[in-house]
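A.B. asks: Can you keep this structure in mind? I'll have questions shortly.
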Amino acid sequence: MIDKFLTYLDLEKSYSKHTLKAYQNDIQSFKDFLENNFAIENFIEVSYHEIRTWIIQLSDSGLSNKSINRKISSLRSFYKFLEKIEFVQNNPLQQHKSLKVPKKLVLPFSKHEMQKLKDQFDTLEDFDSLRDFLLIEMLYTTGMRRAELINLKWTDISFSNQNIRVLGKRNKERLIPLLSATAALLKKYRIYWEEIADDTSFVFITAKGKQIYESLVYIIVRNYISQVTTKSKKSPHVLRHSFATHLLDEGADLNAVKDLLGHASLASTQIYTQTSLEYLKKVYKKSHPRNNFNKK
């Protein structure tokens, strides 16, 4: 039954291999729990009692509420599928409410930090430094996700129209404007790329000419960002976060930012307005004369 569900997600929902693997692991984990603790081998026999016991066990093992919610979300989707194919009549998760998760405000890199980072690349005359800077610039100036950047091909870039075609989650396509400075950097990089590329059309490659991989993208971003900031979180996602926050700080329309990020709804984009608001609060408290007066 798990295999049927994964096939459904693959063919009907077009989920990525990474997402499919996560669903498989979550549901298999629950299946093993049922067999080991309740001797239940059929999902039709499950009630909320078993699910609640599983949640307690996950919590006792030290798993965060956020991680538990993700596992329950996988299980909820699985039971919705079982209802859809009429394998079960009632969804045992129907009345379940997600565990509370404390909101963590992701701090974007400041505009000053991003400028300091740019200043570090004064001379770009070798493949590695040019690729690394371009990689960071693309993440920051387009707001692309790490996976989207890794899978970007030269055919996705239109220099004449100055845009990039990005294939996002669930194969949803969107166009992102390409800045002139980034376009120039891409053209310069391609000269080096053509000397190294090994039968590939992917834009970002390793020094051996193969498609770049996730951990290397993270390492590149972390190594360079660490030189300009003391913020604890330094990842490709924070560059995406910085892209959205800086646009909103400069007055960009929320719906426009939503489309650039490839979000399905405004709810996902509104987290960046919270960051902008926090920034405004700091500026307000630092700059307003009444606040300065009270400090005297």
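Scheme for the structure tokens: letters A, B, ... for chains in order shown; per-chain residue numbers from 1; ligand numbers from 1 in order shown.
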Could you give me, as JSON lines, a per-residue list for stretch 154-261 of chain A showing, wherever an atom lies at most 7 Å from an atom of stretch 105-120 of chain A, the closest pair of atoms and their distance in Å to one decimal, using only C-alpha atoms and sorting by chain then residue number from low to high?

C.D. replies:
{"residue": "A:Ile225", "atom": "CA", "partner": "A:Leu117", "partner_atom": "CA", "distance": 7.0}
{"residue": "A:Val228", "atom": "CA", "partner": "A:Glu113", "partner_atom": "CA", "distance": 5.8}
{"residue": "A:Thr229", "atom": "CA", "partner": "A:Glu113", "partner_atom": "CA", "distance": 6.5}
{"residue": "A:Val238", "atom": "CA", "partner": "A:Pro108", "partner_atom": "CA", "distance": 5.8}
{"residue": "A:His241", "atom": "CA", "partner": "A:Pro108", "partner_atom": "CA", "distance": 5.9}
{"residue": "A:Ser242", "atom": "CA", "partner": "A:Pro108", "partner_atom": "CA", "distance": 4.6}

A.B. asks: Run DSSP on the backbone and grab whatever in stretch 47-219 of chain A lands in helix (DSSP H, G or I); send it over as a PDB file with C-alpha atoms, in the first residue's frame.

C.D. replies:
ATOM      1  CA  TYR A  48      -5.924   7.665  16.955  1.00  0.00           C
ATOM      2  CA  HIS A  49      -4.796   5.909  20.146  1.00  0.00           C
ATOM      3  CA  GLU A  50      -1.905   4.233  18.305  1.00  0.00           C
ATOM      4  CA  ILE A  51      -1.015   7.458  16.519  1.00  0.00           C
ATOM      5  CA  ARG A  52      -1.015   9.407  19.783  1.00  0.00           C
ATOM      6  CA  THR A  53       1.265   6.784  21.369  1.00  0.00           C
ATOM      7  CA  TRP A  54       3.614   7.125  18.399  1.00  0.00           C
ATOM      8  CA  ILE A  55       3.692  10.906  18.838  1.00  0.00           C
ATOM      9  CA  ILE A  56       4.560  10.514  22.516  1.00  0.00           C
ATOM     10  CA  GLN A  57       7.350   8.077  21.669  1.00  0.00           C
ATOM     11  CA  LEU A  58       8.759  10.454  19.047  1.00  0.00           C
ATOM     12  CA  SER A  59       8.678  13.311  21.542  1.00  0.00           C
ATOM     13  CA  ASP A  60      10.351  11.217  24.248  1.00  0.00           C
ATOM     14  CA  ASN A  65       7.632  19.352  17.464  1.00  0.00           C
ATOM     15  CA  LYS A  66       8.426  20.629  13.988  1.00  0.00           C
ATOM     16  CA  SER A  67       9.890  17.263  12.948  1.00  0.00           C
ATOM     17  CA  ILE A  68       6.979  15.393  14.525  1.00  0.00           C
ATOM     18  CA  ASN A  69       4.499  17.607  12.653  1.00  0.00           C
ATOM     19  CA  ARG A  70       6.259  16.775   9.390  1.00  0.00           C
ATOM     20  CA  LYS A  71       5.936  13.044  10.061  1.00  0.00           C
ATOM     21  CA  ILE A  72       2.264  13.431  10.984  1.00  0.00           C
ATOM     22  CA  SER A  73       1.720  15.460   7.823  1.00  0.00           C
ATOM     23  CA  SER A  74       3.096  12.547   5.792  1.00  0.00           C
ATOM     24  CA  LEU A  75       0.822  10.135   7.622  1.00  0.00           C
ATOM     25  CA  ARG A  76      -2.178  12.438   7.143  1.00  0.00           C
ATOM     26  CA  SER A  77      -1.571  12.555   3.392  1.00  0.00           C
ATOM     27  CA  PHE A  78      -1.223   8.783   3.344  1.00  0.00           C
ATOM     28  CA  TYR A  79      -4.594   8.267   5.053  1.00  0.00           C
ATOM     29  CA  LYS A  80      -6.251  10.782   2.733  1.00  0.00           C
ATOM     30  CA  PHE A  81      -4.990   8.631  -0.121  1.00  0.00           C
ATOM     31  CA  LEU A  82      -6.345   5.483   1.551  1.00  0.00           C
ATOM     32  CA  GLU A  83      -9.717   7.227   1.837  1.00  0.00           C
ATOM     33  CA  LYS A  84      -9.538   8.275  -1.798  1.00  0.00           C
ATOM     34  CA  LYS A 111      22.584  44.859   2.583  1.00  0.00           C
ATOM     35  CA  HIS A 112      25.903  45.944   4.069  1.00  0.00           C
ATOM     36  CA  GLU A 113      26.970  42.314   4.572  1.00  0.00           C
ATOM     37  CA  MET A 114      26.033  41.465   0.991  1.00  0.00           C
ATOM     38  CA  GLN A 115      28.072  44.413  -0.270  1.00  0.00           C
ATOM     39  CA  LYS A 116      31.068  43.330   1.847  1.00  0.00           C
ATOM     40  CA  LEU A 117      30.738  39.887   0.321  1.00  0.00           C
ATOM     41  CA  LYS A 118      30.713  41.343  -3.185  1.00  0.00           C
ATOM     42  CA  ASP A 119      33.834  43.386  -2.385  1.00  0.00           C
ATOM     43  CA  PHE A 127      36.979  29.082 -12.605  1.00  0.00           C
ATOM     44  CA  ASP A 128      36.471  28.378  -8.891  1.00  0.00           C
ATOM     45  CA  SER A 129      36.209  31.981  -7.686  1.00  0.00           C
ATOM     46  CA  LEU A 130      34.040  33.005 -10.641  1.00  0.00           C
ATOM     47  CA  ARG A 131      31.684  30.081 -10.149  1.00  0.00           C
ATOM     48  CA  ASP A 132      31.452  30.618  -6.391  1.00  0.00           C
ATOM     49  CA  PHE A 133      30.657  34.314  -6.709  1.00  0.00           C
ATOM     50  CA  LEU A 134      28.143  33.687  -9.504  1.00  0.00           C
ATOM     51  CA  LEU A 135      26.481  30.984  -7.420  1.00  0.00           C
ATOM     52  CA  ILE A 136      26.020  33.340  -4.471  1.00  0.00           C
ATOM     53  CA  GLU A 137      24.897  36.194  -6.734  1.00  0.00           C
ATOM     54  CA  MET A 138      22.315  33.996  -8.460  1.00  0.00           C
ATOM     55  CA  LEU A 139      20.846  32.892  -5.141  1.00  0.00           C
ATOM     56  CA  TYR A 140      20.726  36.477  -3.885  1.00  0.00           C
ATOM     57  CA  THR A 141      19.550  38.260  -7.049  1.00  0.00           C
ATOM     58  CA  THR A 142      16.955  35.686  -8.143  1.00  0.00           C
ATOM     59  CA  ARG A 146      19.124  25.524  -3.842  1.00  0.00           C
ATOM     60  CA  ALA A 147      17.635  22.619  -5.840  1.00  0.00           C
ATOM     61  CA  GLU A 148      16.466  25.024  -8.548  1.00  0.00           C
ATOM     62  CA  LEU A 149      19.956  26.464  -8.891  1.00  0.00           C
ATOM     63  CA  ILE A 150      21.564  23.019  -9.050  1.00  0.00           C
ATOM     64  CA  TRP A 154      21.894  27.150 -20.035  1.00  0.00           C
ATOM     65  CA  THR A 155      18.720  26.680 -22.084  1.00  0.00           C
ATOM     66  CA  ASP A 156      16.766  28.107 -19.129  1.00  0.00           C
ATOM     67  CA  LYS A 169       8.257  22.601  -6.730  1.00  0.00           C
ATOM     68  CA  ARG A 170       5.703  20.290  -8.326  1.00  0.00           C
ATOM     69  CA  ASN A 171       7.097  21.206 -11.746  1.00  0.00           C
ATOM     70  CA  SER A 180      22.424  43.065 -16.394  1.00  0.00           C
ATOM     71  CA  ALA A 181      25.376  42.653 -14.013  1.00  0.00           C
ATOM     72  CA  THR A 182      24.455  39.005 -13.391  1.00  0.00           C
ATOM     73  CA  ALA A 183      24.046  38.398 -17.135  1.00  0.00           C
ATOM     74  CA  ALA A 184      27.528  39.789 -17.751  1.00  0.00           C
ATOM     75  CA  LEU A 185      28.927  37.550 -15.028  1.00  0.00           C
ATOM     76  CA  LEU A 186      27.209  34.514 -16.567  1.00  0.00           C
ATOM     77  CA  LYS A 187      28.740  35.245 -19.972  1.00  0.00           C
ATOM     78  CA  LYS A 188      32.214  35.589 -18.466  1.00  0.00           C
ATOM     79  CA  TYR A 189      31.743  32.375 -16.466  1.00  0.00           C
ATOM     80  CA  ARG A 190      30.632  30.441 -19.544  1.00  0.00           C
ATOM     81  CA  ILE A 191      34.036  30.923 -21.161  1.00  0.00           C
ATOM     82  CA  TYR A 192      35.615  28.975 -18.280  1.00  0.00           C
ATOM     83  CA  TRP A 193      32.670  26.576 -18.141  1.00  0.00           C
ATOM     84  CA  GLU A 194      33.149  25.488 -21.768  1.00  0.00           C
ATOM     85  CA  GLU A 195      36.734  24.465 -21.044  1.00  0.00           C
ATOM     86  CA  ILE A 196      35.691  22.233 -18.128  1.00  0.00           C
ATOM     87  CA  GLU A 214      23.791  20.088  -2.713  1.00  0.00           C
ATOM     88  CA  SER A 215      26.483  19.831  -0.054  1.00  0.00           C
ATOM     89  CA  LEU A 216      28.998  21.705  -2.201  1.00  0.00           C
ATOM     90  CA  VAL A 217      26.531  24.580  -2.714  1.00  0.00           C
ATOM     91  CA  TYR A 218      26.049  24.772   1.047  1.00  0.00           C
ATOM     92  CA  ILE A 219      29.811  24.687   1.691  1.00  0.00           C
TER      93      ILE A 219
END

A.B. asks: Pick out the residues sitting within 10 Å of stretch 263-269 of chain A, and hand them over as a list in words; count only C-alpha atoms, and ignore anything fewer than 5 positions along from it in its own chain.

C.D. replies: Gly168, Lys169, Lys172, His241, Ala244, Thr245, Leu254, Asn255, Val257, Lys258 and Gln274 of chain A

A.B. asks: Pick the closest to A:Lys21 from A:Leu6, A:Met144, A:Val203, A:Leu34: which is it, counting only C-alpha atoms?

C.D. replies: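 Between A:Leu6, A:Met144, A:Val203, A:Leu34, the residue approaching A:Lys21 most closely is A:Leu6.
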
A.B. asks: Got a sec to tell me which of stretch 30-246 of chain A DSSP assigns to strand (DSSP E), as a PDB file with N, CA and C atoms, in the first residue's frame?

C.D. replies:
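Saved the output as part31.pdb:
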ATOM      1  N   ILE A 157      18.181  30.041 -19.568  1.00  0.00           N
ATOM      2  CA  ILE A 157      18.575  31.458 -19.479  1.00  0.00           C
ATOM      3  C   ILE A 157      18.390  32.140 -20.827  1.00  0.00           C
ATOM      4  N   SER A 158      17.641  33.230 -20.834  1.00  0.00           N
ATOM      5  CA  SER A 158      17.448  34.024 -22.053  1.00  0.00           C
ATOM      6  C   SER A 158      18.149  35.369 -21.872  1.00  0.00           C
ATOM      7  N   ASN A 163      15.807  37.098 -18.753  1.00  0.00           N
ATOM      8  CA  ASN A 163      15.080  36.372 -17.715  1.00  0.00           C
ATOM      9  C   ASN A 163      15.578  34.934 -17.616  1.00  0.00           C
ATOM     10  N   ILE A 164      15.185  34.299 -16.540  1.00  0.00           N
ATOM     11  CA  ILE A 164      15.556  32.911 -16.280  1.00  0.00           C
ATOM     12  C   ILE A 164      14.281  32.108 -16.078  1.00  0.00           C
ATOM     13  N   ARG A 165      14.199  30.972 -16.727  1.00  0.00           N
ATOM     14  CA  ARG A 165      13.050  30.082 -16.540  1.00  0.00           C
ATOM     15  C   ARG A 165      13.417  29.063 -15.466  1.00  0.00           C
ATOM     16  N   VAL A 166      12.634  29.045 -14.405  1.00  0.00           N
ATOM     17  CA  VAL A 166      12.927  28.173 -13.270  1.00  0.00           C
ATOM     18  C   VAL A 166      11.814  27.146 -13.104  1.00  0.00           C
ATOM     19  N   LEU A 167      12.208  25.894 -12.952  1.00  0.00           N
ATOM     20  CA  LEU A 167      11.253  24.823 -12.697  1.00  0.00           C
ATOM     21  C   LEU A 167      11.265  24.550 -11.208  1.00  0.00           C
ATOM     22  N   GLU A 173       6.476  26.175 -13.249  1.00  0.00           N
ATOM     23  CA  GLU A 173       7.451  27.018 -13.934  1.00  0.00           C
ATOM     24  C   GLU A 173       7.199  28.499 -13.662  1.00  0.00           C
ATOM     25  N   ARG A 174       8.280  29.264 -13.528  1.00  0.00           N
ATOM     26  CA  ARG A 174       8.157  30.712 -13.357  1.00  0.00           C
ATOM     27  C   ARG A 174       9.333  31.404 -14.025  1.00  0.00           C
ATOM     28  N   LEU A 175       9.145  32.677 -14.356  1.00  0.00           N
ATOM     29  CA  LEU A 175      10.206  33.479 -14.954  1.00  0.00           C
ATOM     30  C   LEU A 175      10.721  34.494 -13.943  1.00  0.00           C
ATOM     31  N   ILE A 176      12.045  34.613 -13.858  1.00  0.00           N
ATOM     32  CA  ILE A 176      12.676  35.565 -12.947  1.00  0.00           C
ATOM     33  C   ILE A 176      13.535  36.516 -13.771  1.00  0.00           C
ATOM     34  N   PRO A 177      13.406  37.818 -13.571  1.00  0.00           N
ATOM     35  CA  PRO A 177      14.241  38.773 -14.310  1.00  0.00           C
ATOM     36  C   PRO A 177      15.724  38.541 -14.036  1.00  0.00           C
TER      37      PRO A 177
END

A.B. asks: A:Ile44: which residues within 9 Å, counting only C-alpha atoms, same-chain residues fewer than 3 positions away excluded, as a PyMOL selection string?

C.D. replies: chain A and resi 41+47+82+87-90

A.B. asks: In Å, rounded to a single decimal, give me how far atom CA of A:Asn151 is from atom CA of A:Gly209.

C.D. replies: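 Spanning atom CA of A:Gly209 to atom CA of A:Asn151 is a straight-line distance of 14.4 Å.
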